[in-house]
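So this one's entry-v4.tsv, TSV, C-alpha atoms:
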chain	number	residue	atom	x	y	z
A	1242	MET	CA	0.00	0.00	0.00
A	1243	LEU	CA	1.41	3.39	-1.06
A	1244	LYS	CA	1.26	5.93	1.75
A	1245	THR	CA	2.41	9.46	2.60
A	1246	PHE	CA	4.97	9.63	5.40
A	1247	ALA	CA	6.49	12.37	7.53
A	1248	LEU	CA	9.92	11.42	8.89
A	1249	PHE	CA	11.36	13.42	11.79
A	1250	ASP	CA	14.86	13.36	13.21
A	1251	PHE	CA	14.87	14.24	16.92
A	1252	ASP	CA	18.04	15.77	18.42
A	1253	GLY	CA	18.63	19.17	16.83
A	1254	THR	CA	15.44	18.92	14.78
A	1255	LEU	CA	12.48	18.65	17.17
A	1256	LEU	CA	14.65	19.16	20.26
A	1257	PRO	CA	17.36	21.80	20.66
A	1258	GLY	CA	20.58	20.06	21.62
A	1259	ASP	CA	21.17	16.44	22.59
A	1260	SER	CA	18.58	14.38	24.47
A	1261	ILE	CA	21.11	11.90	25.84
A	1262	ILE	CA	22.71	14.70	27.89
A	1263	LEU	CA	19.27	15.55	29.29
A	1264	PHE	CA	18.74	11.88	30.10
A	1265	MET	CA	21.99	11.70	32.05
A	1266	ARG	CA	21.02	14.82	34.02
A	1267	TYR	CA	17.65	13.23	34.78
A	1268	ALA	CA	19.27	9.90	35.76
A	1269	TRP	CA	21.65	11.72	38.12
A	1270	ARG	CA	18.85	13.66	39.81
A	1271	LYS	CA	16.81	10.49	40.24
A	1272	LYS	CA	19.84	8.58	41.59
A	1273	LEU	CA	19.70	6.17	38.67
A	1274	CYS	CA	23.41	6.67	38.02
A	1275	SER	CA	26.50	7.63	40.02
A	1276	ALA	CA	29.13	10.35	39.74
A	1277	TRP	CA	31.44	7.72	38.24
A	1278	ASP	CA	28.80	7.00	35.59
A	1279	LEU	CA	28.65	10.71	34.71
A	1280	LEU	CA	32.43	10.80	34.37
A	1281	ARG	CA	32.46	7.73	32.14
A	1282	PHE	CA	29.72	9.31	30.01
A	1283	ALA	CA	31.81	12.49	29.63
A	1284	VAL	CA	34.89	10.48	28.66
A	1285	ALA	CA	32.87	8.54	26.08
A	1286	GLY	CA	31.63	11.82	24.60
A	1287	LEU	CA	35.17	13.20	24.45
A	1288	LEU	CA	36.56	10.08	22.77
A	1289	PHE	CA	33.75	10.19	20.22
A	1290	SER	CA	34.28	13.89	19.49
A	1291	LEU	CA	37.98	13.14	18.90
A	1292	ARG	CA	36.93	10.29	16.56
A	1293	MET	CA	38.77	7.76	18.70
A	1294	ILE	CA	35.71	5.50	19.08
A	1295	GLN	CA	32.65	4.76	16.96
A	1296	PRO	CA	29.22	6.14	17.94
A	1297	GLU	CA	27.97	2.66	18.89
A	1298	ARG	CA	30.87	2.21	21.29
A	1299	ALA	CA	30.38	5.72	22.72
A	1300	LYS	CA	26.74	4.96	23.57
A	1301	GLU	CA	27.56	1.55	25.05
A	1302	MET	CA	30.33	3.09	27.17
A	1303	GLY	CA	28.35	6.16	28.20
A	1304	LEU	CA	25.25	4.17	29.24
A	1305	LYS	CA	27.13	1.24	30.77
A	1306	PHE	CA	25.37	1.88	34.09
A	1307	LEU	CA	22.22	0.37	32.52
A	1308	ASN	CA	23.82	-3.06	32.26
A	1309	GLY	CA	22.01	-5.59	34.43
A	1310	ARG	CA	19.26	-3.14	35.38
A	1311	GLU	CA	15.60	-3.98	34.89
A	1312	ARG	CA	14.37	-2.53	31.61
A	1313	ALA	CA	10.93	-2.05	33.18
A	1314	GLU	CA	12.44	0.29	35.78
A	1315	TYR	CA	13.87	2.58	33.14
A	1316	SER	CA	10.82	2.33	30.90
A	1317	ALA	CA	8.76	3.77	33.77
A	1318	ALA	CA	11.37	6.50	34.33
A	1319	ALA	CA	11.37	7.28	30.60
A	1320	GLU	CA	7.76	8.46	30.74
A	1321	GLU	CA	8.53	11.00	33.45
A	1322	PHE	CA	11.74	11.98	31.66
A	1323	CYS	CA	9.86	12.73	28.42
A	1324	ARG	CA	7.10	14.59	30.22
A	1325	THR	CA	9.33	16.77	32.41
A	1326	MET	CA	12.59	17.11	30.48
A	1327	ILE	CA	11.69	16.69	26.81
A	1328	LEU	CA	8.22	18.05	26.12
A	1329	PRO	CA	8.86	21.54	27.62
A	1330	ARG	CA	12.00	21.93	25.47
A	1331	LEU	CA	10.65	20.93	22.05
A	1332	TYR	CA	10.50	23.51	19.29
A	1333	PRO	CA	6.84	24.66	19.18
A	1334	GLN	CA	7.06	24.79	15.38
A	1335	GLY	CA	8.18	21.16	15.35
A	1336	VAL	CA	5.31	20.05	17.57
A	1337	GLU	CA	2.94	21.93	15.26
A	1338	ALA	CA	4.45	20.24	12.20
A	1339	VAL	CA	3.91	16.82	13.79
A	1340	ARG	CA	0.30	17.77	14.57
A	1341	ARG	CA	-0.35	18.93	10.99
A	1342	HIS	CA	0.93	15.69	9.53
A	1343	ARG	CA	-1.13	13.64	11.95
A	1344	GLU	CA	-4.27	15.60	11.05
A	1345	ALA	CA	-3.50	15.01	7.37
A	1346	ARG	CA	-3.45	11.28	8.21
A	1347	HIS	CA	0.18	10.86	7.25
A	1348	ALA	CA	2.24	8.11	8.87
A	1349	VAL	CA	4.52	10.10	11.21
A	1350	LEU	CA	7.78	8.40	12.21
A	1351	LEU	CA	10.34	9.61	14.73
A	1352	VAL	CA	13.71	8.34	13.46
A	1353	SER	CA	16.56	9.06	15.87
A	1354	ALA	CA	20.06	7.95	16.78
A	1355	SER	CA	19.11	8.39	20.45
A	1356	PRO	CA	18.24	5.32	22.56
A	1357	MET	CA	14.79	4.03	21.70
A	1358	PHE	CA	13.95	3.01	25.28
A	1359	TYR	CA	13.68	6.59	26.53
A	1360	LEU	CA	12.06	8.01	23.38
A	1361	GLU	CA	9.25	5.45	23.23
A	1362	PRO	CA	6.81	7.45	25.46
A	1363	LEU	CA	6.80	10.19	22.81
A	1364	LYS	CA	4.78	7.89	20.56
A	1365	GLN	CA	1.70	8.40	22.73
A	1366	MET	CA	2.56	11.91	23.92
A	1367	LEU	CA	2.96	13.40	20.44
A	1368	GLY	CA	1.03	10.87	18.39
A	1369	PHE	CA	3.82	9.31	16.35
A	1370	THR	CA	2.90	6.27	14.29
A	1371	LYS	CA	6.23	4.68	15.23
A	1372	VAL	CA	9.34	5.59	17.20
A	1373	ILE	CA	12.56	4.27	15.67
A	1374	GLY	CA	15.82	4.69	17.58
A	1375	THR	CA	19.04	2.98	18.59
A	1376	ARG	CA	18.13	-0.30	20.29
A	1377	PHE	CA	19.81	-1.54	23.47
A	1378	ALA	CA	19.83	-5.28	24.03
A	1379	THR	CA	18.06	-7.00	26.92
A	1380	ASP	CA	18.61	-10.52	28.23
A	1381	GLU	CA	16.02	-13.25	28.78
A	1382	ASN	CA	15.18	-11.77	32.21
A	1383	GLY	CA	14.32	-8.30	30.84
A	1384	ARG	CA	17.56	-6.72	32.01
A	1385	PHE	CA	19.71	-4.43	29.90
A	1386	ALA	CA	22.67	-6.19	28.31
A	1387	ASP	CA	25.94	-4.50	27.42
A	1388	GLU	CA	25.51	-3.92	23.72
A	1389	ILE	CA	23.50	-2.18	21.03
A	1390	VAL	CA	21.26	-4.32	18.86
A	1391	GLY	CA	22.28	-3.81	15.24
A	1392	GLN	CA	23.87	-0.44	14.58
A	1393	ASN	CA	23.58	3.13	15.77
A	1394	CYS	CA	20.46	4.56	14.05
A	1395	ARG	CA	22.35	7.26	12.18
A	1396	GLY	CA	23.03	8.17	8.55
A	1397	GLU	CA	22.31	5.30	6.15
A	1398	GLN	CA	21.12	3.20	9.09
A	1399	LYS	CA	18.06	5.45	9.34
A	1400	VAL	CA	17.12	4.49	5.79
A	1401	ARG	CA	17.52	0.81	6.63
A	1402	ARG	CA	15.38	1.10	9.74
A	1403	VAL	CA	12.63	2.95	7.87
A	1404	GLN	CA	12.70	0.23	5.20
A	1405	GLU	CA	12.53	-2.38	7.95
A	1406	TYR	CA	9.36	-0.73	9.22
A	1407	LEU	CA	7.89	-0.57	5.71
A	1408	ASP	CA	8.60	-4.28	5.21
A	1409	GLU	CA	7.05	-5.18	8.56
A	1410	THR	CA	3.87	-3.22	7.83
A	1411	GLY	CA	3.58	-4.06	4.14
A	1412	THR	CA	3.64	-0.35	3.29
A	1413	GLN	CA	5.36	1.62	0.55
A	1414	LEU	CA	6.56	5.17	1.08
A	1415	ASP	CA	5.19	7.55	-1.56
A	1416	TYR	CA	8.26	9.62	-2.45
A	1417	GLU	CA	6.38	12.40	-4.22
A	1418	THR	CA	3.98	13.15	-1.34
A	1419	SER	CA	6.21	12.42	1.68
A	1420	TYR	CA	8.15	14.75	3.98
A	1421	ALA	CA	11.40	14.49	5.94
A	1422	TYR	CA	12.89	16.80	8.57
A	1423	GLY	CA	16.49	16.81	9.80
A	1424	ASP	CA	19.28	19.14	10.90
A	1425	SER	CA	22.64	17.56	10.05
A	1426	PRO	CA	24.54	15.80	7.24
A	1427	HIS	CA	23.72	12.51	8.96
A	1428	ASP	CA	20.04	13.10	8.14
A	1429	LEU	CA	20.56	13.58	4.41
A	1430	PRO	CA	20.16	9.87	3.54
A	1431	MET	CA	16.76	9.88	5.28
A	1432	LEU	CA	15.76	13.12	3.58
A	1433	SER	CA	16.54	11.54	0.22
A	1434	LEU	CA	13.56	9.22	0.75
A	1435	CYS	CA	11.08	12.10	0.39
A	1436	GLU	CA	10.29	14.78	-2.18
A	1437	HIS	CA	9.67	17.41	0.52
A	1438	LYS	CA	12.94	17.89	2.42
A	1439	TYR	CA	13.44	20.26	5.36
A	1440	ILE	CA	16.57	21.21	7.29
A	1441	VAL	CA	15.95	22.83	10.68
A	1442	ASN	CA	18.21	25.67	11.83
A	1443	PRO	CA	21.13	24.76	9.54
A	1444	ASN	CA	24.55	25.96	10.65
A	1445	LYS	CA	26.96	27.66	8.24
A	1446	MET	CA	28.43	24.37	7.04
A	1447	MET	CA	24.98	22.97	6.27
A	1448	ARG	CA	23.92	26.17	4.48
A	1449	GLU	CA	27.00	26.00	2.27
A	1450	MET	CA	26.48	22.29	1.65
A	1451	LEU	CA	22.83	22.78	0.71
A	1452	GLY	CA	23.22	26.10	-1.08
A	1453	SER	CA	23.03	24.51	-4.51
A	1454	ARG	CA	20.22	22.11	-3.60
A	1455	GLY	CA	17.02	23.91	-4.45
A	1456	SER	CA	14.98	20.90	-3.39
A	1457	VAL	CA	15.80	21.40	0.31
A	1458	THR	CA	13.84	23.97	2.36
A	1459	MET	CA	15.59	25.56	5.34
A	1460	LEU	CA	13.48	26.21	8.44
A	1461	ASP	CA	14.17	28.62	11.29
A	1462	TRP	CA	12.59	27.16	14.43
A	1463	LYS	CA	12.79	29.03	17.73
A	1464	GLU	CA	12.98	27.70	21.27
A	1465	THR	CA	10.21	28.39	23.75
A	1466	PRO	CA	11.06	31.66	25.58
Kindly present the structure from the file in structure tokens form.
Amino acid sequence: MLKTFALFDFDGTLLPGDSIILFMRYAWRKKLCSAWDLLRFAVAGLLFSLRMIQPERAKEMGLKFLNGRERAEYSAAAEEFCRTMILPRLYPQGVEAVRRHREARHAVLLVSASPMFYLEPLKQMLGFTKVIGTRFATDENGRFADEIVGQNCRGEQKVRRVQEYLDETGTQLDYETSYAYGDSPHDLPMLSLCEHKYIVNPNKMMREMLGSRGSVTMLDWKETP
């Protein structure tokens, strides 16, 4: 079945900044992680920024404190995290765009490199058809394991995960009528799936990169005062 989709990146597109940093702040306040865990997270971020480790390894290292913990415990915390830390920070224009696509009966997918387990509550809160994110493994007892399932949901991997969803649902994405929103070069493969392409708050590098691409619309979204 051919269908119109709206694909949204999350960090930097719907949310200013990086949600995983907000999650660590939340986990610290709720005593779900220790000072040592925060330090390890910071080191993982530094090593990634220096290109000394891959993004998958950075996430596994930074969120190592989850290993052996009950997934159900963090799933419950994720709802409060999204309600108190995420929703108030979203770009109002982004929330409105999601609402418009829902009202138009488009299939609205959130496609993010951030961990899926803490983004999942946004499906109900914002009305996404599906939340797609980086998957963390769990063992047979429902406890977090120490690795990512598959690959980090970034770049070309976003295209693969969207196709995985299409295959599972027996749906075809209608290129000519579909929309995609991103903010970085890593989102360009996903944007290539849709005729209507939007880049949110592009920095100078992105503006220069996209300057010759008339098919991409640049959006200026503002944070809530």
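For stretch 1274-1277 of chain A, the set of protein, DNA and RNA residues having any atom at most 10 Å away, when counting only C-alpha atoms and skipping those fewer than 3 positions along the same chain, is Met1265, Arg1266, Tyr1267, Ala1268, Trp1269, Arg1270, Lys1271, Leu1280, Arg1281, Phe1282, Ala1283, Leu1304, Lys1305, Phe1306 and Leu1307 of chain A.
With all atoms listed in the file as the atoms that count, the residue of A:Thr1465, A:Asn1308, A:Gln1404, A:Ser1290 with the shortest distance to A:Gly1383 is A:Asn1308.
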(message) Residues within 6 Å of stretch 1433-1439 of chain A, please, as a VMD selection string. Count only C-alpha atoms; anything in the same chain fewer than 3 positions from it doesn't count.
(response) chain A and resid 1416 to 1417 1419 to 1422 1430 1457 to 1459
Pull C-alpha atoms from the residues just selected and write them as a PDB file, in the frame of the given file.
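What landed in out22.pdb:
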ATOM      1  CA  TYR A1416       8.260   9.620  -2.450  1.00  0.00           C
ATOM      2  CA  GLU A1417       6.380  12.400  -4.220  1.00  0.00           C
ATOM      3  CA  SER A1419       6.210  12.420   1.680  1.00  0.00           C
ATOM      4  CA  TYR A1420       8.150  14.750   3.980  1.00  0.00           C
ATOM      5  CA  ALA A1421      11.400  14.490   5.940  1.00  0.00           C
ATOM      6  CA  TYR A1422      12.890  16.800   8.570  1.00  0.00           C
ATOM      7  CA  PRO A1430      20.160   9.870   3.540  1.00  0.00           C
ATOM      8  CA  VAL A1457      15.800  21.400   0.310  1.00  0.00           C
ATOM      9  CA  THR A1458      13.840  23.970   2.360  1.00  0.00           C
ATOM     10  CA  MET A1459      15.590  25.560   5.340  1.00  0.00           C
TER      11      MET A1459
END
(request) Choose the residue, out of A:Gln1392, A:Thr1379, A:Gln1334, A:Ser1353, that has the smallest atom-to-atom separation from A:Glu1311; count only C-alpha atoms. (result) A:Thr1379
(request) Can you work out which one of A:Leu1331, A:Ala1313, A:Ile1389, A:Ala1378 has the shortest atom-to-atom distance to A:Pro1296, counting only C-alpha atoms? (result) A:Ile1389
For stretch 1244-1264 of chain A, where the input has fewer atoms than it should, I would like N, CA, C and O atoms rebuilt and written as a short mmCIF file (atom, residue, chain, number, x, y, z; two decimals), in the frame of the given file.
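See part16.cif below for the written result:
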data_model
loop_
_atom_site.label_atom_id
_atom_site.label_comp_id
_atom_site.auth_asym_id
_atom_site.auth_seq_id
_atom_site.Cartn_x
_atom_site.Cartn_y
_atom_site.Cartn_z
N LYS A 1244 1.74 5.04 0.70
CA LYS A 1244 1.26 5.93 1.75
C LYS A 1244 2.20 7.13 1.89
O LYS A 1244 3.40 7.04 1.65
N THR A 1245 1.62 8.25 2.32
CA THR A 1245 2.41 9.46 2.60
C THR A 1245 2.98 9.39 4.01
O THR A 1245 2.27 9.11 4.97
N PHE A 1246 4.28 9.65 4.12
CA PHE A 1246 4.97 9.63 5.40
C PHE A 1246 5.54 11.00 5.73
O PHE A 1246 5.82 11.81 4.85
N ALA A 1247 5.73 11.23 7.04
CA ALA A 1247 6.49 12.37 7.53
C ALA A 1247 7.54 11.82 8.48
O ALA A 1247 7.21 11.21 9.51
N LEU A 1248 8.81 11.97 8.13
CA LEU A 1248 9.92 11.42 8.89
C LEU A 1248 10.62 12.54 9.65
O LEU A 1248 11.04 13.53 9.04
N PHE A 1249 10.74 12.39 10.96
CA PHE A 1249 11.36 13.42 11.79
C PHE A 1249 12.60 12.88 12.50
O PHE A 1249 12.52 11.88 13.23
N ASP A 1250 13.73 13.54 12.31
CA ASP A 1250 14.86 13.36 13.21
C ASP A 1250 14.47 13.98 14.55
O ASP A 1250 13.50 14.74 14.64
N PHE A 1251 15.24 13.71 15.60
CA PHE A 1251 14.87 14.24 16.92
C PHE A 1251 15.86 15.28 17.43
O PHE A 1251 15.57 16.47 17.45
N ASP A 1252 17.05 14.86 17.83
CA ASP A 1252 18.04 15.77 18.42
C ASP A 1252 18.47 16.82 17.40
O ASP A 1252 18.96 16.49 16.32
N GLY A 1253 18.27 18.09 17.73
CA GLY A 1253 18.63 19.17 16.83
C GLY A 1253 17.54 19.52 15.84
O GLY A 1253 17.62 20.56 15.19
N THR A 1254 16.54 18.67 15.72
CA THR A 1254 15.44 18.92 14.78
C THR A 1254 14.17 19.28 15.55
O THR A 1254 13.68 20.40 15.47
N LEU A 1255 13.63 18.35 16.30
CA LEU A 1255 12.48 18.65 17.17
C LEU A 1255 12.93 19.20 18.52
O LEU A 1255 12.22 19.99 19.14
N LEU A 1256 14.11 18.76 18.95
CA LEU A 1256 14.65 19.16 20.26
C LEU A 1256 15.94 19.92 20.09
O LEU A 1256 16.87 19.43 19.44
N PRO A 1257 16.07 21.12 20.67
CA PRO A 1257 17.36 21.80 20.66
C PRO A 1257 18.39 20.98 21.45
O PRO A 1257 18.10 20.52 22.56
N GLY A 1258 19.55 20.76 20.88
CA GLY A 1258 20.58 20.06 21.62
C GLY A 1258 20.44 18.55 21.57
O GLY A 1258 19.82 17.99 20.67
N ASP A 1259 21.03 17.89 22.58
CA ASP A 1259 21.17 16.44 22.59
C ASP A 1259 20.38 15.83 23.74
O ASP A 1259 20.65 16.11 24.91
N SER A 1260 19.45 14.96 23.43
CA SER A 1260 18.58 14.38 24.47
C SER A 1260 19.33 13.46 25.42
O SER A 1260 18.93 13.30 26.57
N ILE A 1261 20.41 12.85 24.97
CA ILE A 1261 21.11 11.90 25.84
C ILE A 1261 21.78 12.64 27.01
O ILE A 1261 21.90 12.09 28.12
N ILE A 1262 22.16 13.89 26.80
CA ILE A 1262 22.71 14.70 27.89
C ILE A 1262 21.61 15.00 28.90
O ILE A 1262 21.82 14.92 30.12
N LEU A 1263 20.41 15.33 28.40
CA LEU A 1263 19.27 15.55 29.29
C LEU A 1263 18.94 14.29 30.07
O LEU A 1263 18.61 14.35 31.26
N PHE A 1264 19.04 13.14 29.42
CA PHE A 1264 18.74 11.88 30.10
C PHE A 1264 19.73 11.63 31.22
O PHE A 1264 19.35 11.17 32.31
#
